[in-house]
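As structure tokens, the structure follows; a few thoughts come after it.
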Amino acid sequence: MLQIKGISKQYRTGELVQQALNDVSLNLRDNEFVSILGPSGSGKTTLLNVIGGLDRYDAGDLVINGISTKEYKDRDWDAYRNHTIGFVFQSYNLIPHQTILANVELALTIGGISRDDRRERARKALEEVGLGDQLHKKPNQMSGGQMQRVAIARALVNDPEVLLADVKWSMVLIVYCVHSVQKKRKKGTLYTNRT
Ligand SMILES: Nc1ncnc2c1ncn2[C@@H]1O[C@H](COP(=O)(O)OP(=O)(O)OP(=O)(O)O)[C@@H](O)[C@H]1O
């Protein structure tokens, strides 16, 4: 489903060049669960950002369902991020002054879905991660694991083909998440990054 072909990526800050990815190749198939492990600073987040279309590669190719992304325009990346990928960020990236229901709903605002449907789908996604009774809490009123579950609900609410999770510490939640994805869809793919 996803082919990472010899991808390289550098960060440039003034004179300083940091090689974050160097000729990385990996094939990821439908229904596959892949966990990428490596020391801090070895490039895991960079790789997930590139696979998730959040960041661009310098060399190589990312092939999605047999189609090269070399010629992708911004709108193609937008569509890929919005419809194919669900992303759980390492630091969750929740909006602090919004309720968790609003945080999850926000992931649906791009798709032209009515407000009532958005609310209902967000509520169901939060129920699925066991937070159905806390919809009106704000992120700072929740534990770290609960915030992570909100981030998982937000990543799944769009029904993505691929879930990318940049997860620091909770193996239990990764397993839960795999379960949840597989329950929801016969064909689901989950890639996680566990530091
Ligand atoms: N925006 C950036 N600008 C410059 N260098 C960066 C940037 N982001 C990451 N790097 C560097 O690229 C390398 C890979 O970083 P990355 O965040 O991908 O590692 P990681 O394996 O996910 O680390 P961790 O496990 O600590 O989260 C590191 O040396 C890091 O310092």
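We label chains A, B, ... in the order they appear in the structure tokens, count residues from 1 in each chain, and number ligands from 1 in the order shown.
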Cut-off 7 Å, only C-alpha atoms and all ligand atoms, neighbours of ligand 1 as a PyMOL selection string:
chain A and resi 11-13+18-20+38-47+195
As a PyMOL selection string, please: all residues of segment 1-191 of chain A that backbone DSSP puts in strand (DSSP E).
chain A and resi 2-13+16-28+33-36+59-64+67-68+85-88+162-167+189-191
Can you work out the spacing between atom CA of Arg121 of chain A and atom CA of Ile100 of chain A in Å, to one decimal?
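That distance, rounded to one decimal, is 12.9 Å.
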Choose the residue, out of A:Ile110, A:Glu15, A:Gln98, A:Tyr57, that has the smallest atom-to-atom separation from Tyr72 of chain A; count only C-alpha atoms.
A:Tyr57
Which parts of segment 20-166 of chain A does DSSP call helix (DSSP H, G or I) when run on the backbone here, written out as a VMD selection string?
chain A and resid 44 to 51 74 to 83 100 to 111 115 to 128 139 to 141 144 to 156
Show which residues sit within 9 Å of Arg119 of chain A, as number ranges by chain. Count only C-alpha atoms, and ignore same-chain residues fewer than 4 positions away.
A: 101-102, 104-105, 114-115, 123-124
